[in-house]
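K.L.:
To start, I am sharing the structure in question, which I have written as structure tokens.
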Amino acid sequence: MAQIEHFVPGRVAQPIGPLAQMLRPMPTGVAEAYIAAYTNPGDQVLDPFCEGEAVLREAAAAGRAVLAVNFNPIAILAVRGLAGLADRQILDAALTRLGDALKAGRPLREHLNALYSAPCIQCHRPVPAEYLIWNRDRGEPTERYYHCPACGSGGLVPVRPADLEALEHIDPRGFSYWYTLDRIAPSGDPGRDQARRLLDIYTPRALHALTTLLIKVETLYPDAPQQEALKWILLRCLEQCHSLYAADEQDKGEMAWSRSLRPPARFIERNVWLTFQRASELARQAMSSPALPLSDQVRIQARSVRRLSQELPAASIALIVTVPPAYDYPFWALSYLWNGWLLGPEAAAALKPLLEYRRPDWDWYRRALTAAWRALRPTLRDDGHVVLVFTTRQFPLLEVSLLALDSAGYELEHSIVQVDEARQDRDYRLVFSPELERRSGQEIPVPDILDAAIRRTAVGAAQRVIRLRGEPLTWSHLHAAIYAELAREGLLRQAVALFAADRQPGEFVAQAVSNALETCPELARIGGPEPGDLGEGESAGEEPLRWWLTNTAGVSPPLADRVEEAVYESLRDSLALGKEALLEQMYLRFPGLLTPAASLIDACLVSYGVEITPGYWQLRPEDLPKHREREREQVLEQLFSLGRRLGYTVAEGDITSSQPWDVVWIEGQVPAYAFIVRWTAILGDLLFDKAAETAEVRCLVIPGGRASLINYKMWFNPLLRRAVVRGGWQFIKYRHLRRIVAAPDLTRHDLKRIVGLDPIIEQFGAQIPLF
């Protein structure tokens, strides 16, 4: 069976529908690759923490049986909520019937809109507000936004006393409140106080309108597929109509909400009926895509892992591929609320235990994941695999995932991380297989021995990944390499066995790793904060701490230079190269610890390529070998001509130096300017060569297309940056040289005045001028 040892990229579609800001779906294309590699037609695939459609669709398309579950019922509702409807006409008919249903003697749509109506400030006709801005401390709205269809006036206007009349008819603790509270946590339920607090994130008017809609939906469609589709729309309304959206964020599209679960000082109250209409449009948009191919072989269910493990036959699963659940208390709390509101107390009960862990407790989370993976182990075939795919900025999520699976009877086969500093992303691909027999050397050591083993392994893994990549690395790279090696050596499992009873094993391992790196004389720190948080600065846009080696013997060439060469070769050898094909080539060529950032590949592609049609690239004409050599000859001639015009003695190369200069301008007997003409952005061999210090001014002459790539490399490689500044290197673009040569009159003084024109770098404390 084929092994996947390289990074498998995915495509992240723009999410629509309910919970789009909260769920973490599998990127499309990732499960497809692992299904093809690790299963055969007819095999069964499992996604035990489903938060998206990708595994279902891609397994079904490959002819595999697939089961996707999640213990959170509203996550399943969000993924499959429209699958039960045959077509859009059924949905439209259900929406029309709902809007026409009578409430208090008039159609429901009119009743709900009237809750937000107030006189137009111009024509005085009643018109519903689209939203209102509340002052939390005053407990009332202060501004409303509306558009009057009669006279065309509107906008954001102050709320007047007459505008508040609709609120006077809504009892904050009326029927809607108690009805909803009882659905979430019936009287006597220990979670009732928590449910009360969560209900307070809705204004009384929003709560009344949402509950009225829910009652109508369940009354009109008690046992029909329309109910699930309408609840899919209602879930979107619950997500959009709470009071956690700050008024200052109103014009920023999909607004961020207050994850403290406390309304901001000025918050938005949306018109529930207008929100329901907009959510209905999202449902129509979603129905324009192919429906989930649900059948006996393609299933999606709300199930806990424990229950699922009791229902599945032993050794029935060939592949488990999933995004592990994130530690996300705000989402858990809202899920508890919305499950009860839409589906009743049994659905809410599935989330209730999680509400005890408002503050991060990663050791509890490790134990929970360990129990889940241990329960699933009997369902996995002996030749089966587990694949975890996730993007996170939380270092502990990788740690607890490795600790949990290692303790639950799985062996790590491959651990791949793509760190992209430019995009502040860390994408992980972890592949496990079931452990068939106990690994040797698993005796439980005393703490000091285990601490020493962890330190030794951590230092070795850190040195190995730095030598392989040939660049100073952030904690993200070291962290992934170190913990993968600790898992392979069985040290994570030993820590769990040794400390599970009286100490958090994750903390013990983390402290040992931190101490090892901080005290290792073979590792050098570059930049970043004072010793302490190894990953500090990486997610805050600051200059992060990087690690390098005190002994650089045997270090590989910089990975960025190797990727540049590979991208050029791929473009050179293709008439039209697709972007996705290029990424696949690069990840296959640089697997495992060498996985390059997508932004680096993009920077190389833009530097050497031209997009001939959307998604397809060719090598730039000026970078074709014949054109490149001709242009180099022209540049050399221009340097010779310019030097003589300025009164220098011009020589080809410098016989006093081992540095292969292309052109040297000499003043008397002393080299004044030394030039190297280079068509690539590969600079390490020049910048770190001590012989390069023979000339007073050292210049690299490059094509303009390399400037952004050099900029990229220097931004993420402080050693390169320092060498440029300390060595006094200056860059000249081909086009600027041509401009200088074309000037009719030119003196040395004029030459110095062009310094700073279109510089490559301005960010690093010293501008690198063109000349």
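By convention here, the chains of the structure tokens are called A, B, ... in the order presented, each chain's residues are numbered starting at 1, and ligands are numbered starting at 1 in the order presented.
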Quick one: residues within 12 Å of A:Ala59, only C-alpha atoms counted, chain neighbours fewer than 6 positions away excluded, as number ranges by chain?
P.N.:
A: 28-36, 38-47, 53, 65-68, 292-294, 297-299, 318-321
K.L.:
Could you write out the selected residues, including N, CA and C atoms, as a tab-separated table (two decimals), in the first residue's frame?
P.N.:
```
chain	number	residue	atom	x	y	z
A	28	THR	N	-10.90	20.56	1.23
A	28	THR	CA	-11.21	19.64	0.14
A	28	THR	C	-9.92	19.15	-0.51
A	29	GLY	N	-9.92	17.91	-0.91
A	29	GLY	CA	-8.78	17.33	-1.60
A	29	GLY	C	-7.83	16.56	-0.70
A	30	VAL	N	-7.85	16.82	0.60
A	30	VAL	CA	-6.92	16.15	1.50
A	30	VAL	C	-7.37	14.71	1.77
A	31	ALA	N	-8.62	14.56	2.19
A	31	ALA	CA	-9.13	13.21	2.46
A	31	ALA	C	-9.05	12.35	1.19
A	32	GLU	N	-9.31	12.96	0.05
A	32	GLU	CA	-9.26	12.22	-1.22
A	32	GLU	C	-7.90	11.53	-1.41
A	33	ALA	N	-6.82	12.26	-1.12
A	33	ALA	CA	-5.48	11.69	-1.30
A	33	ALA	C	-5.24	10.53	-0.35
A	34	TYR	N	-5.61	10.69	0.91
A	34	TYR	CA	-5.37	9.62	1.88
A	34	TYR	C	-6.29	8.43	1.64
A	35	ILE	N	-7.50	8.68	1.19
A	35	ILE	CA	-8.42	7.58	0.86
A	35	ILE	C	-7.84	6.75	-0.28
A	36	ALA	N	-7.30	7.42	-1.30
A	36	ALA	CA	-6.71	6.71	-2.44
A	36	ALA	C	-5.49	5.90	-2.02
A	38	TYR	N	-4.66	4.73	1.20
A	38	TYR	CA	-4.75	3.81	2.33
A	38	TYR	C	-6.01	2.93	2.31
A	39	THR	N	-6.82	3.01	1.27
A	39	THR	CA	-8.02	2.16	1.22
A	39	THR	C	-8.21	1.61	-0.19
A	40	ASN	N	-9.09	0.63	-0.28
A	40	ASN	CA	-9.49	0.04	-1.56
A	40	ASN	C	-11.00	0.22	-1.74
A	41	PRO	N	-11.49	0.13	-2.98
A	41	PRO	CA	-12.94	0.25	-3.18
A	41	PRO	C	-13.70	-0.71	-2.29
A	42	GLY	N	-14.77	-0.21	-1.69
A	42	GLY	CA	-15.58	-1.01	-0.78
A	42	GLY	C	-15.18	-0.91	0.67
A	43	ASP	N	-14.00	-0.42	0.95
A	43	ASP	CA	-13.57	-0.23	2.33
A	43	ASP	C	-14.41	0.85	3.01
A	44	GLN	N	-14.41	0.83	4.34
A	44	GLN	CA	-15.17	1.83	5.09
A	44	GLN	C	-14.25	2.88	5.69
A	45	VAL	N	-14.66	4.15	5.53
A	45	VAL	CA	-13.93	5.30	6.03
A	45	VAL	C	-14.76	5.94	7.13
A	46	LEU	N	-14.09	6.44	8.17
A	46	LEU	CA	-14.79	7.05	9.30
A	46	LEU	C	-14.22	8.43	9.57
A	47	ASP	N	-15.12	9.40	9.76
A	47	ASP	CA	-14.77	10.73	10.28
A	47	ASP	C	-15.49	10.88	11.62
A	53	GLU	N	-18.26	18.60	4.92
A	53	GLU	CA	-18.72	17.59	3.97
A	53	GLU	C	-17.61	16.83	3.27
A	65	ALA	N	-17.46	3.10	1.40
A	65	ALA	CA	-18.51	3.37	2.39
A	65	ALA	C	-17.94	4.38	3.38
A	66	VAL	N	-18.78	5.28	3.86
A	66	VAL	CA	-18.27	6.33	4.75
A	66	VAL	C	-19.31	6.66	5.80
A	67	LEU	N	-18.82	6.85	7.02
A	67	LEU	CA	-19.66	7.26	8.13
A	67	LEU	C	-19.01	8.47	8.78
A	68	ALA	N	-19.77	9.55	8.93
A	68	ALA	CA	-19.29	10.77	9.57
A	68	ALA	C	-20.19	11.05	10.77
A	292	LEU	N	-25.58	16.21	-0.73
A	292	LEU	CA	-24.80	15.11	-0.15
A	292	LEU	C	-25.38	13.78	-0.61
A	293	PRO	N	-24.55	12.86	-1.09
A	293	PRO	CA	-25.06	11.59	-1.62
A	293	PRO	C	-25.37	10.59	-0.51
A	294	LEU	N	-26.28	10.96	0.38
A	294	LEU	CA	-26.56	10.10	1.54
A	294	LEU	C	-27.27	8.82	1.12
A	297	GLN	N	-24.63	3.54	2.43
A	297	GLN	CA	-23.18	3.51	2.38
A	297	GLN	C	-22.54	4.86	2.68
A	298	VAL	N	-23.34	5.92	2.71
A	298	VAL	CA	-22.84	7.27	2.98
A	298	VAL	C	-23.73	7.87	4.06
A	299	ARG	N	-23.24	7.86	5.30
A	299	ARG	CA	-24.08	8.23	6.43
A	299	ARG	C	-23.44	9.35	7.26
A	318	ALA	N	-11.22	0.86	7.67
A	318	ALA	CA	-9.91	0.84	7.02
A	318	ALA	C	-9.16	2.15	7.25
A	319	LEU	N	-9.89	3.25	7.37
A	319	LEU	CA	-9.23	4.55	7.50
A	319	LEU	C	-10.10	5.47	8.34
A	320	ILE	N	-9.48	6.08	9.33
A	320	ILE	CA	-10.10	7.18	10.07
A	320	ILE	C	-9.38	8.45	9.66
A	321	VAL	N	-10.10	9.37	9.07
A	321	VAL	CA	-9.51	10.64	8.64
A	321	VAL	C	-10.40	11.76	9.16
```
K.L.:
Show which residues sit within 10 Å of A:Ile526, as a ChimeraX atom specification. Count only C-alpha atoms, and ignore same-chain residues fewer than 4 positions away.
P.N.:
/A:472-474,543-548,718-719
K.L.:
Determine which residues of stretch 12-213 of chain A receive a DSSP assignment of strand (DSSP E), computed from the backbone, and state them as a ChimeraX atom specification.
P.N.:
/A:44-47,65-70,102-103,106-107,117-119,126-128,131-135,140-147,154-158
K.L.:
Restricting it to C-alpha atoms, dump the selection as an mmCIF file, in the first residue's frame.
P.N.:
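Result file part-v2.cif:
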```cif
data_model
loop_
_atom_site.group_PDB
_atom_site.id
_atom_site.type_symbol
_atom_site.label_atom_id
_atom_site.label_comp_id
_atom_site.auth_asym_id
_atom_site.auth_seq_id
_atom_site.Cartn_x
_atom_site.Cartn_y
_atom_site.Cartn_z
ATOM 1 C CA GLN A 44 -15.170 1.827 5.090
ATOM 2 C CA VAL A 45 -13.927 5.304 6.028
ATOM 3 C CA LEU A 46 -14.785 7.049 9.302
ATOM 4 C CA ASP A 47 -14.768 10.726 10.278
ATOM 5 C CA ALA A 65 -18.507 3.371 2.389
ATOM 6 C CA VAL A 66 -18.269 6.329 4.746
ATOM 7 C CA LEU A 67 -19.659 7.258 8.134
ATOM 8 C CA ALA A 68 -19.290 10.766 9.575
ATOM 9 C CA VAL A 69 -20.339 11.533 13.138
ATOM 10 C CA ASN A 70 -20.064 14.294 15.698
ATOM 11 C CA LEU A 102 -50.919 33.600 11.245
ATOM 12 C CA LYS A 103 -49.617 35.032 14.488
ATOM 13 C CA ARG A 106 -51.692 38.606 10.878
ATOM 14 C CA PRO A 107 -49.016 36.811 8.812
ATOM 15 C CA SER A 117 -41.005 48.987 13.387
ATOM 16 C CA ALA A 118 -40.915 52.686 14.190
ATOM 17 C CA PRO A 119 -42.005 55.839 12.317
ATOM 18 C CA PRO A 126 -43.957 52.687 10.152
ATOM 19 C CA VAL A 127 -40.864 50.946 8.809
ATOM 20 C CA PRO A 128 -38.917 48.048 10.350
ATOM 21 C CA TYR A 131 -30.720 46.558 13.069
ATOM 22 C CA LEU A 132 -30.402 48.594 16.244
ATOM 23 C CA ILE A 133 -27.374 49.586 18.287
ATOM 24 C CA TRP A 134 -27.751 49.063 22.020
ATOM 25 C CA ASN A 135 -25.965 50.677 24.915
ATOM 26 C CA GLU A 140 -31.756 50.034 25.680
ATOM 27 C CA PRO A 141 -31.142 50.799 21.990
ATOM 28 C CA THR A 142 -29.727 54.220 21.159
ATOM 29 C CA GLU A 143 -29.605 54.086 17.327
ATOM 30 C CA ARG A 144 -31.506 52.280 14.588
ATOM 31 C CA TYR A 145 -30.698 51.645 10.951
ATOM 32 C CA TYR A 146 -33.570 51.530 8.451
ATOM 33 C CA HIS A 147 -34.542 52.248 4.859
ATOM 34 C CA GLY A 154 -33.120 56.167 6.128
ATOM 35 C CA GLY A 155 -29.691 55.406 7.514
ATOM 36 C CA LEU A 156 -28.471 55.267 11.088
ATOM 37 C CA VAL A 157 -30.543 57.612 13.229
ATOM 38 C CA PRO A 158 -30.983 58.174 16.978
#
```
K.L.:
By how many Å are atom CA of A:Met26 and atom CA of A:Leu605 apart?
P.N.:
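Value for the atom CA of A:Met26-atom CA of A:Leu605 distance: 26.6 Å.
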K.L.:
At a cut-off of 9 Å, using only C-alpha atoms, what residues contact stretch 166-178 of chain A? Leave out same-chain residues fewer than 3 positions from it and give the result as number ranges by chain.
P.N.:
A: 114-118, 162-163, 181-183, 199, 203-205, 207-212
K.L.:
Do you know which residues are at most 12 Å from A:Asp200 counting only C-alpha atoms, after dropping those on the same chain fewer than 5 positions away, and could you put them as an MDAnalysis selection string?
P.N.:
chainID A and resid 136 139 172:173 177 180:181 193:195 205:207 242:244 261:263 334 337
K.L.:
In stretch 318-560 of chain A, what's helix (DSSP H, G or I) per DSSP? Answer as a VMD selection string?
P.N.:
chain A and resid 329 to 343 345 to 349 352 to 356 362 to 379 395 to 407 447 to 469 475 to 488 491 to 499 505 to 519 559 to 560
K.L.:
Please, what distance in Å, to one decimal, runs between atom CA of A:Gln310 and atom CA of A:Leu342?
P.N.:
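Computing the Euclidean distance for atom CA of A:Gln310 and atom CA of A:Leu342 yields 27.4 Å.
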K.L.:
For A:Val555, list every protein, DNA or RNA residue within 6 Å, evaluated using only C-alpha atoms, and leave out those in the same chain fewer than 3 positions away; present the list as a VMD selection string.
P.N.:
chain A and resid 467 470 552
K.L.:
Which residue out of A:Arg192, A:His111, A:Arg698, A:Arg359 has the minimum interatomic distance to A:Ala674 when only C-alpha atoms are used?
P.N.:
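Smallest distance to A:Ala674 is found for A:Arg698.
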K.L.:
Got a sec: who's within 10 Å of stretch 365-380 of chain A, counting only C-alpha atoms, leaving out chain neighbours fewer than 6 positions off, as a PyMOL selection string?
P.N.:
chain A and resi 44-46+48+304-320+324-327+354+357+386+396-397+399-410+433-435+496+500+504-506
K.L.:
In terms of the shortest atom-to-atom distance over only C-alpha atoms, which of A:Thr595, A:Gln618, A:Ser415, A:Ser476 is closest to A:Ala576?
P.N.:
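With only C-alpha atoms as the atom set, the closest residue is A:Gln618.
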K.L.:
Smallest atom-to-atom distance to A:Trp661: which of A:Ala246, A:Leu646, A:Ile233, A:Leu700, using only C-alpha atoms?
P.N.:
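Closest residue, counting only C-alpha atoms: A:Leu700.
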K.L.:
Provide the atom CA of A:Gly727 to atom CA of A:Leu600 distance in Å, to one decimal place.
P.N.:
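Straight-line distance from atom CA of A:Gly727 to atom CA of A:Leu600 works out to 25.1 Å.
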K.L.:
With distances taken over only C-alpha atoms, which of A:Glu5, A:Leu491, A:Val724, A:Pro614 is nearest to A:Pro445?
P.N.:
A:Leu491
K.L.:
With only C-alpha atoms as the atoms that count, which of A:Pro290, A:Arg628, A:Ile4, A:Val697 lies nearest to A:Tyr587?
P.N.:
A:Ile4
K.L.:
Between A:Val79, A:Ala723, A:Ile702, A:Leu198, which residue has the minimum interatomic distance to A:Ile184, considering only C-alpha atoms?
P.N.:
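Answer, going by the shortest atom-to-atom distance: A:Leu198.
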